[in-house]
$ cat my_file11.pdb   # PDB, C-alpha atoms
ATOM      1  CA  MET A   1     104.926 112.131 103.061  1.00  0.00           C
ATOM      2  CA  ILE A   2     101.883 111.251 105.185  1.00  0.00           C
ATOM      3  CA  ALA A   3     102.307 109.210 108.377  1.00  0.00           C
ATOM      4  CA  VAL A   4      99.519 107.330 110.122  1.00  0.00           C
ATOM      5  CA  ASP A   5      98.925 107.301 113.880  1.00  0.00           C
ATOM      6  CA  THR A   6      97.705 104.343 115.925  1.00  0.00           C
ATOM      7  CA  ASN A   7      94.073 105.390 116.182  1.00  0.00           C
ATOM      8  CA  ILE A   8      93.640 105.425 112.406  1.00  0.00           C
ATOM      9  CA  LEU A   9      95.253 101.970 112.201  1.00  0.00           C
ATOM     10  CA  VAL A  10      92.897 100.629 114.875  1.00  0.00           C
ATOM     11  CA  TYR A  11      89.797 102.163 113.271  1.00  0.00           C
ATOM     12  CA  ALA A  12      90.776 100.760 109.863  1.00  0.00           C
ATOM     13  CA  HIS A  13      91.215  97.304 111.373  1.00  0.00           C
ATOM     14  CA  ARG A  14      88.308  97.061 113.828  1.00  0.00           C
ATOM     15  CA  GLU A  15      85.064  96.583 111.923  1.00  0.00           C
ATOM     16  CA  ASP A  16      83.117  97.452 115.090  1.00  0.00           C
ATOM     17  CA  SER A  17      84.573 100.966 115.103  1.00  0.00           C
ATOM     18  CA  PRO A  18      82.125 103.688 114.057  1.00  0.00           C
ATOM     19  CA  PHE A  19      85.023 105.123 112.034  1.00  0.00           C
ATOM     20  CA  HIS A  20      85.947 101.832 110.335  1.00  0.00           C
ATOM     21  CA  ASP A  21      84.624 102.510 106.836  1.00  0.00           C
ATOM     22  CA  ALA A  22      86.255 105.919 106.521  1.00  0.00           C
ATOM     23  CA  ALA A  23      89.545 104.789 108.073  1.00  0.00           C
ATOM     24  CA  PHE A  24      89.667 101.625 105.961  1.00  0.00           C
ATOM     25  CA  ARG A  25      89.050 103.659 102.805  1.00  0.00           C
ATOM     26  CA  ARG A  26      91.745 106.219 103.666  1.00  0.00           C
ATOM     27  CA  MET A  27      94.284 103.504 104.536  1.00  0.00           C
ATOM     28  CA  ALA A  28      93.542 101.710 101.260  1.00  0.00           C
ATOM     29  CA  GLU A  29      94.185 104.968  99.377  1.00  0.00           C
ATOM     30  CA  LEU A  30      97.620 105.204 100.976  1.00  0.00           C
ATOM     31  CA  ALA A  31      98.548 101.527 100.705  1.00  0.00           C
ATOM     32  CA  GLU A  32      97.466 101.237  97.080  1.00  0.00           C
ATOM     33  CA  GLY A  33      98.724 104.658  95.972  1.00  0.00           C
ATOM     34  CA  ALA A  34     101.943 105.586  94.225  1.00  0.00           C
ATOM     35  CA  ALA A  35     103.166 108.054  96.867  1.00  0.00           C
ATOM     36  CA  SER A  36     105.274 107.047  99.855  1.00  0.00           C
ATOM     37  CA  TRP A  37     103.468 106.941 103.184  1.00  0.00           C
ATOM     38  CA  ALA A  38     104.677 106.055 106.656  1.00  0.00           C
ATOM     39  CA  VAL A  39     103.888 104.424 109.955  1.00  0.00           C
ATOM     40  CA  PRO A  40     106.093 105.048 112.991  1.00  0.00           C
ATOM     41  CA  TRP A  41     107.179 101.731 114.553  1.00  0.00           C
ATOM     42  CA  PRO A  42     105.767 102.747 117.957  1.00  0.00           C
ATOM     43  CA  CYS A  43     102.335 102.986 116.309  1.00  0.00           C
ATOM     44  CA  ILE A  44     102.613  99.393 115.099  1.00  0.00           C
ATOM     45  CA  HIS A  45     103.466  98.310 118.657  1.00  0.00           C
ATOM     46  CA  GLU A  46     100.593 100.332 120.093  1.00  0.00           C
ATOM     47  CA  PHE A  47      98.164  98.996 117.461  1.00  0.00           C
ATOM     48  CA  LEU A  48      98.979  95.439 118.569  1.00  0.00           C
ATOM     49  CA  ALA A  49      98.601  96.365 122.236  1.00  0.00           C
ATOM     50  CA  ILE A  50      95.218  98.053 121.738  1.00  0.00           C
ATOM     51  CA  ALA A  51      93.594  95.728 119.205  1.00  0.00           C
ATOM     52  CA  THR A  52      94.387  92.607 121.254  1.00  0.00           C
ATOM     53  CA  HIS A  53      93.561  94.069 124.684  1.00  0.00           C
ATOM     54  CA  PRO A  54      90.570  92.329 126.310  1.00  0.00           C
ATOM     55  CA  ARG A  55      89.704  95.346 128.469  1.00  0.00           C
ATOM     56  CA  ILE A  56      89.503  97.621 125.432  1.00  0.00           C
ATOM     57  CA  TYR A  57      87.637  95.335 123.029  1.00  0.00           C
ATOM     58  CA  ALA A  58      85.202  92.534 123.777  1.00  0.00           C
ATOM     59  CA  PRO A  59      86.153  90.427 122.050  1.00  0.00           C
ATOM     60  CA  PRO A  60      89.677  91.611 121.316  1.00  0.00           C
ATOM     61  CA  THR A  61      91.284  90.929 117.969  1.00  0.00           C
ATOM     62  CA  PRO A  62      92.945  87.503 118.128  1.00  0.00           C
ATOM     63  CA  LEU A  63      96.730  87.873 118.093  1.00  0.00           C
ATOM     64  CA  ASP A  64      97.184  85.976 114.823  1.00  0.00           C
ATOM     65  CA  ARG A  65      94.664  88.231 113.076  1.00  0.00           C
ATOM     66  CA  ALA A  66      96.343  91.391 114.435  1.00  0.00           C
ATOM     67  CA  LEU A  67      99.741  90.140 113.283  1.00  0.00           C
ATOM     68  CA  ASP A  68      98.287  89.332 109.849  1.00  0.00           C
ATOM     69  CA  GLN A  69      96.941  92.882 109.668  1.00  0.00           C
ATOM     70  CA  VAL A  70     100.406  94.291 110.286  1.00  0.00           C
ATOM     71  CA  ASP A  71     101.797  91.947 107.620  1.00  0.00           C
ATOM     72  CA  ALA A  72      99.180  93.240 105.171  1.00  0.00           C
ATOM     73  CA  TRP A  73     100.195  96.859 105.778  1.00  0.00           C
ATOM     74  CA  LEU A  74     103.867  95.931 105.445  1.00  0.00           C
ATOM     75  CA  GLU A  75     103.163  94.488 101.996  1.00  0.00           C
ATOM     76  CA  SER A  76     102.484  97.966 100.631  1.00  0.00           C
ATOM     77  CA  PRO A  77     105.494  98.743  98.414  1.00  0.00           C
ATOM     78  CA  THR A  78     105.237 102.453  99.216  1.00  0.00           C
ATOM     79  CA  LEU A  79     105.221 102.085 103.025  1.00  0.00           C
ATOM     80  CA  VAL A  80     108.114 103.606 104.961  1.00  0.00           C
ATOM     81  CA  LEU A  81     108.552 102.504 108.575  1.00  0.00           C
ATOM     82  CA  LEU A  82     109.819 105.308 110.783  1.00  0.00           C
ATOM     83  CA  THR A  83     112.478 104.377 113.297  1.00  0.00           C
ATOM     84  CA  GLU A  84     114.879 106.208 115.564  1.00  0.00           C
ATOM     85  CA  SER A  85     118.064 107.666 114.137  1.00  0.00           C
ATOM     86  CA  PRO A  86     121.070 109.221 115.931  1.00  0.00           C
ATOM     87  CA  SER A  87     119.226 112.567 115.982  1.00  0.00           C
ATOM     88  CA  HIS A  88     116.208 111.080 117.763  1.00  0.00           C
ATOM     89  CA  TRP A  89     117.072 112.083 121.322  1.00  0.00           C
ATOM     90  CA  PRO A  90     117.755 115.776 120.626  1.00  0.00           C
ATOM     91  CA  THR A  91     114.529 116.010 118.606  1.00  0.00           C
ATOM     92  CA  LEU A  92     112.494 114.158 121.233  1.00  0.00           C
ATOM     93  CA  ARG A  93     113.980 116.148 124.088  1.00  0.00           C
ATOM     94  CA  THR A  94     113.166 119.438 122.353  1.00  0.00           C
ATOM     95  CA  LEU A  95     109.560 118.396 121.759  1.00  0.00           C
ATOM     96  CA  ILE A  96     109.132 117.180 125.337  1.00  0.00           C
ATOM     97  CA  GLU A  97     110.563 120.377 126.809  1.00  0.00           C
ATOM     98  CA  ALA A  98     108.718 122.760 124.478  1.00  0.00           C
ATOM     99  CA  GLY A  99     105.398 120.959 124.946  1.00  0.00           C
ATOM    100  CA  ARG A 100     105.946 120.364 128.670  1.00  0.00           C
ATOM    101  CA  VAL A 101     105.109 116.732 127.995  1.00  0.00           C
ATOM    102  CA  VAL A 102     104.880 114.216 130.839  1.00  0.00           C
ATOM    103  CA  GLY A 103     103.345 110.809 131.434  1.00  0.00           C
ATOM    104  CA  ALA A 104     101.554 108.967 128.654  1.00  0.00           C
ATOM    105  CA  ARG A 105     101.961 111.891 126.248  1.00  0.00           C
ATOM    106  CA  VAL A 106     105.677 111.048 125.956  1.00  0.00           C
ATOM    107  CA  HIS A 107     104.549 108.371 123.477  1.00  0.00           C
ATOM    108  CA  ASP A 108     102.959 111.091 121.321  1.00  0.00           C
ATOM    109  CA  ALA A 109     106.152 113.130 121.516  1.00  0.00           C
ATOM    110  CA  ARG A 110     108.089 110.080 120.347  1.00  0.00           C
ATOM    111  CA  VAL A 111     105.789 109.688 117.334  1.00  0.00           C
ATOM    112  CA  ALA A 112     106.035 113.413 116.548  1.00  0.00           C
ATOM    113  CA  ALA A 113     109.840 113.284 116.817  1.00  0.00           C
ATOM    114  CA  LEU A 114     110.011 110.345 114.411  1.00  0.00           C
ATOM    115  CA  CYS A 115     107.796 112.201 111.957  1.00  0.00           C
ATOM    116  CA  ARG A 116     109.957 115.334 112.143  1.00  0.00           C
ATOM    117  CA  GLN A 117     113.170 113.335 111.722  1.00  0.00           C
ATOM    118  CA  HIS A 118     111.872 111.655 108.587  1.00  0.00           C
ATOM    119  CA  GLY A 119     110.409 114.745 106.923  1.00  0.00           C
ATOM    120  CA  VAL A 120     106.772 113.767 107.337  1.00  0.00           C
ATOM    121  CA  ARG A 121     104.640 116.694 106.217  1.00  0.00           C
ATOM    122  CA  GLU A 122     101.351 115.429 107.614  1.00  0.00           C
ATOM    123  CA  LEU A 123     100.377 113.074 110.441  1.00  0.00           C
ATOM    124  CA  TRP A 124      96.943 111.484 110.146  1.00  0.00           C
ATOM    125  CA  SER A 125      95.475 111.195 113.619  1.00  0.00           C
ATOM    126  CA  ALA A 126      92.210 111.645 115.486  1.00  0.00           C
ATOM    127  CA  ASP A 127      94.245 112.578 118.589  1.00  0.00           C
ATOM    128  CA  ARG A 128      94.181 116.318 119.265  1.00  0.00           C
ATOM    129  CA  ASP A 129      97.179 116.058 121.615  1.00  0.00           C
ATOM    130  CA  PHE A 130      99.542 116.153 118.639  1.00  0.00           C
ATOM    131  CA  GLY A 131      98.674 119.821 118.159  1.00  0.00           C
ATOM    132  CA  ARG A 132     101.142 120.715 120.918  1.00  0.00           C
ATOM    133  CA  PHE A 133     104.095 119.703 118.739  1.00  0.00           C
ATOM    134  CA  THR A 134     105.575 122.162 116.272  1.00  0.00           C
ATOM    135  CA  GLY A 135     106.926 121.261 112.879  1.00  0.00           C
ATOM    136  CA  ILE A 136     104.252 118.761 111.873  1.00  0.00           C
ATOM    137  CA  SER A 137     100.781 119.243 110.469  1.00  0.00           C
ATOM    138  CA  VAL A 138      98.186 117.005 112.101  1.00  0.00           C
ATOM    139  CA  VAL A 139      95.113 116.125 110.042  1.00  0.00           C
ATOM    140  CA  ASN A 140      92.133 114.009 111.024  1.00  0.00           C
ATOM    141  CA  PRO A 141      91.411 112.206 107.739  1.00  0.00           C
ATOM    142  CA  LEU A 142      88.054 111.021 109.043  1.00  0.00           C
ATOM    143  CA  VAL A 143      86.443 114.429 109.520  1.00  0.00           C
ATOM    144  CA  GLY A 144      83.675 114.807 106.998  1.00  0.00           C
ATOM    145  CA  ASP A 145      84.241 111.255 105.738  1.00  0.00           C
ATOM    146  CA  ARG A 146      82.004 109.033 107.892  1.00  0.00           C
TER     147      ARG A 146
END

$ encode --input "my_file11.pdb" --output "structure tokens"
Amino acid sequence: MIAVDTNILVYAHREDSPFHDAAFRRMAELAEGAASWAVPWPCIHEFLAIATHPRIYAPPTPLDRALDQVDAWLESPTLVLLTESPSHWPTLRTLIEAGRVVGARVHDARVAALCRQHGVRELWSADRDFGRFTGISVVNPLVGDR
């Protein structure tokens, strides 16, 4: 299963992103395809925080439009939302210790832990920081597709 990180969600949504066309196309392939795909819940939360933030985007995405975007993704019948299970803490703790993760990168460790727990084989992200986590292949689906 492929999981999608926040930055790909934001690029697919924000038409002013230089990566919009490629990200939108790749997201459509997943959402309209027959194979299961995933989004970790923390990435949905972070998408909303980034897309609607007035210091990140001028103008930011209006809240109702950002919420409608999430609803549209949730309509995909093959989407799996990744959430914490009882094994979350041991997995997260291991990733944090092994990667010596502190500060804001704890969020990335949380996403990586969710992916590992749910058997995600590939995380689509433009964030190179995920490379520090073992047990998950990180692929930038936008490379060579602009």

$ residues_around --input "my_file11.pdb" --residues "region 107-112 of chain A" --least-positions-apart "6" --cutoff "9 Å" --atoms "only C-alpha atoms" --output "list of chain:residue names"
A:Asp5, A:Pro40, A:Trp41, A:Pro42, A:Cys43, A:Leu82, A:His88, A:Thr91, A:Leu92, A:Arg93, A:Leu95, A:Ile96, A:Gly99, A:Val101, A:Leu123, A:Asp129, A:Phe130, A:Phe133, A:Thr134, A:Gly135, A:Ile136

$ residues_around --input "my_file11.pdb" --residues "region 26-31 of chain A" --least-positions-apart "5" --cutoff "7 Å" --atoms "all atoms listed in the file" --output "PyMOL selection string"
chain A and resi 12+37+76+78

$ write_last_selection --input "my_file11.pdb" --atoms "C-alpha atoms" --output "short mmCIF file (atom, residue, chain, number, x, y, z; two decimals), in the coordinates of the input"
data_model
loop_
_atom_site.label_atom_id
_atom_site.label_comp_id
_atom_site.auth_asym_id
_atom_site.auth_seq_id
_atom_site.Cartn_x
_atom_site.Cartn_y
_atom_site.Cartn_z
CA ALA A 12 90.78 100.76 109.86
CA TRP A 37 103.47 106.94 103.18
CA SER A 76 102.48 97.97 100.63
CA THR A 78 105.24 102.45 99.22
#

$ axis_aligned_box --input "my_file11.pdb" --around "region 59-73 of chain A" --padding-each-side "8 Å" --output "JSON"
{"center_x": 94.0, "center_y": 91.4, "center_z": 113.6, "size_x": 31.6, "size_y": 26.9, "size_z": 32.9}

$ closest_residue --input "my_file11.pdb" --among "A:Ile8, A:Pro90, A:Ala72, A:His13" --to "Ala113 (chain A)" --atoms "all atoms listed in the file"
A:Pro90

$ atom_distance --input "my_file11.pdb" --atom1 "CA of Leu79 (chain A)" --atom2 "CA of Ser36 (chain A)"
5.9 Å

$ resolve_selection --input "my_file11.pdb" --expression "the PyMOL selection byres ((chain A and resi 140) around 12)" --output "PyMOL selection string"
chain A and resi 2-5+7-8+19+22-23+26+122-131+137-139+141-146

$ closest_residue --input "my_file11.pdb" --among "A:His118, A:Arg132, A:His20, A:Arg14" --to "Arg100 (chain A)" --atoms "all atoms listed in the file"
A:Arg132

$ atom_distance --input "my_file11.pdb" --atom1 "CA of Phe24 (chain A)" --atom2 "CA of Tyr11 (chain A)"
7.3 Å

$ closest_residue --input "my_file11.pdb" --among "A:Met1, A:Asp16, A:Pro62, A:Pro54" --to "Cys115 (chain A)" --atoms "only C-alpha atoms"
A:Met1

$ closest_residue --input "my_file11.pdb" --among "A:Ala58, A:Val39, A:Val120, A:Ile50" --to "Leu81 (chain A)" --atoms "all atoms listed in the file"
A:Val39

$ atom_distance --input "my_file11.pdb" --atom1 "CA of Asp68 (chain A)" --atom2 "CA of His53 (chain A)"
16.3 Å

$ residues_around --input "my_file11.pdb" --residues "Val10 (chain A)" --least-positions-apart "4" --cutoff "7 Å" --atoms "only C-alpha atoms" --output "PyMOL selection string"
chain A and resi 6+14+47+51

$ closest_residue --input "my_file11.pdb" --among "A:Ala34, A:Val80, A:Val102, A:Leu67" --to "Ala49 (chain A)" --atoms "only C-alpha atoms"
A:Leu67

$ closest_residue --input "my_file11.pdb" --among "A:Arg121, A:Ala35, A:Leu114, A:Pro18" --to "Glu84 (chain A)" --atoms "only C-alpha atoms"
A:Leu114

$ decode --input "my_file11.pdb" --residues "region 8-27 of chain A" --atoms "N, CA and C atoms" --output "mmCIF file, in the first residue's frame"
data_model
loop_
_atom_site.group_PDB
_atom_site.id
_atom_site.type_symbol
_atom_site.label_atom_id
_atom_site.label_comp_id
_atom_site.auth_asym_id
_atom_site.auth_seq_id
_atom_site.Cartn_x
_atom_site.Cartn_y
_atom_site.Cartn_z
ATOM 1 N N ILE A 8 2.593 16.324 -0.280
ATOM 2 C CA ILE A 8 1.949 15.923 -1.531
ATOM 3 C C ILE A 8 0.479 16.349 -1.518
ATOM 4 N N LEU A 9 -0.179 16.219 -0.369
ATOM 5 C CA LEU A 9 -1.568 16.669 -0.242
ATOM 6 C C LEU A 9 -1.673 18.174 -0.508
ATOM 7 N N VAL A 10 -0.780 18.939 0.095
ATOM 8 C CA VAL A 10 -0.798 20.394 -0.078
ATOM 9 C C VAL A 10 -0.538 20.763 -1.533
ATOM 10 N N TYR A 11 0.472 20.169 -2.145
ATOM 11 C CA TYR A 11 0.784 20.477 -3.545
ATOM 12 C C TYR A 11 -0.383 20.116 -4.463
ATOM 13 N N ALA A 12 -1.055 19.009 -4.191
ATOM 14 C CA ALA A 12 -2.184 18.595 -5.025
ATOM 15 C C ALA A 12 -3.355 19.564 -4.878
ATOM 16 N N HIS A 13 -3.477 20.167 -3.719
ATOM 17 C CA HIS A 13 -4.588 21.073 -3.443
ATOM 18 C C HIS A 13 -4.313 22.502 -3.910
ATOM 19 N N ARG A 14 -3.126 23.007 -3.640
ATOM 20 C CA ARG A 14 -2.812 24.414 -3.909
ATOM 21 C C ARG A 14 -2.405 24.604 -5.365
ATOM 22 N N GLU A 15 -3.277 25.247 -6.129
ATOM 23 C CA GLU A 15 -3.013 25.472 -7.545
ATOM 24 C C GLU A 15 -1.838 26.407 -7.781
ATOM 25 N N ASP A 16 -1.440 27.179 -6.772
ATOM 26 C CA ASP A 16 -0.294 28.073 -6.902
ATOM 27 C C ASP A 16 1.036 27.369 -6.627
ATOM 28 N N SER A 17 0.990 26.100 -6.291
ATOM 29 C CA SER A 17 2.218 25.342 -6.069
ATOM 30 C C SER A 17 2.868 24.990 -7.407
ATOM 31 N N PRO A 18 4.180 25.139 -7.513
ATOM 32 C CA PRO A 18 4.838 24.737 -8.763
ATOM 33 C C PRO A 18 4.746 23.227 -9.003
ATOM 34 N N PHE A 19 4.381 22.484 -7.986
ATOM 35 C CA PHE A 19 4.258 21.026 -8.096
ATOM 36 C C PHE A 19 2.803 20.572 -8.225
ATOM 37 N N HIS A 20 1.880 21.526 -8.344
ATOM 38 C CA HIS A 20 0.453 21.203 -8.333
ATOM 39 C C HIS A 20 0.058 20.179 -9.393
ATOM 40 N N ASP A 21 0.400 20.422 -10.635
ATOM 41 C CA ASP A 21 -0.069 19.541 -11.712
ATOM 42 C C ASP A 21 0.369 18.096 -11.490
ATOM 43 N N ALA A 22 1.643 17.923 -11.171
ATOM 44 C CA ALA A 22 2.157 16.563 -10.962
ATOM 45 C C ALA A 22 1.520 15.924 -9.732
ATOM 46 N N ALA A 23 1.419 16.675 -8.647
ATOM 47 C CA ALA A 23 0.834 16.121 -7.418
ATOM 48 C C ALA A 23 -0.646 15.807 -7.616
ATOM 49 N N PHE A 24 -1.366 16.692 -8.277
ATOM 50 C CA PHE A 24 -2.790 16.464 -8.531
ATOM 51 C C PHE A 24 -2.981 15.196 -9.363
ATOM 52 N N ARG A 25 -2.162 15.044 -10.384
ATOM 53 C CA ARG A 25 -2.242 13.864 -11.255
ATOM 54 C C ARG A 25 -1.953 12.583 -10.475
ATOM 55 N N ARG A 26 -0.918 12.601 -9.642
ATOM 56 C CA ARG A 26 -0.560 11.404 -8.872
ATOM 57 C C ARG A 26 -1.632 11.066 -7.837
ATOM 58 N N MET A 27 -2.200 12.087 -7.194
ATOM 59 C CA MET A 27 -3.280 11.845 -6.228
ATOM 60 C C MET A 27 -4.513 11.282 -6.929
#
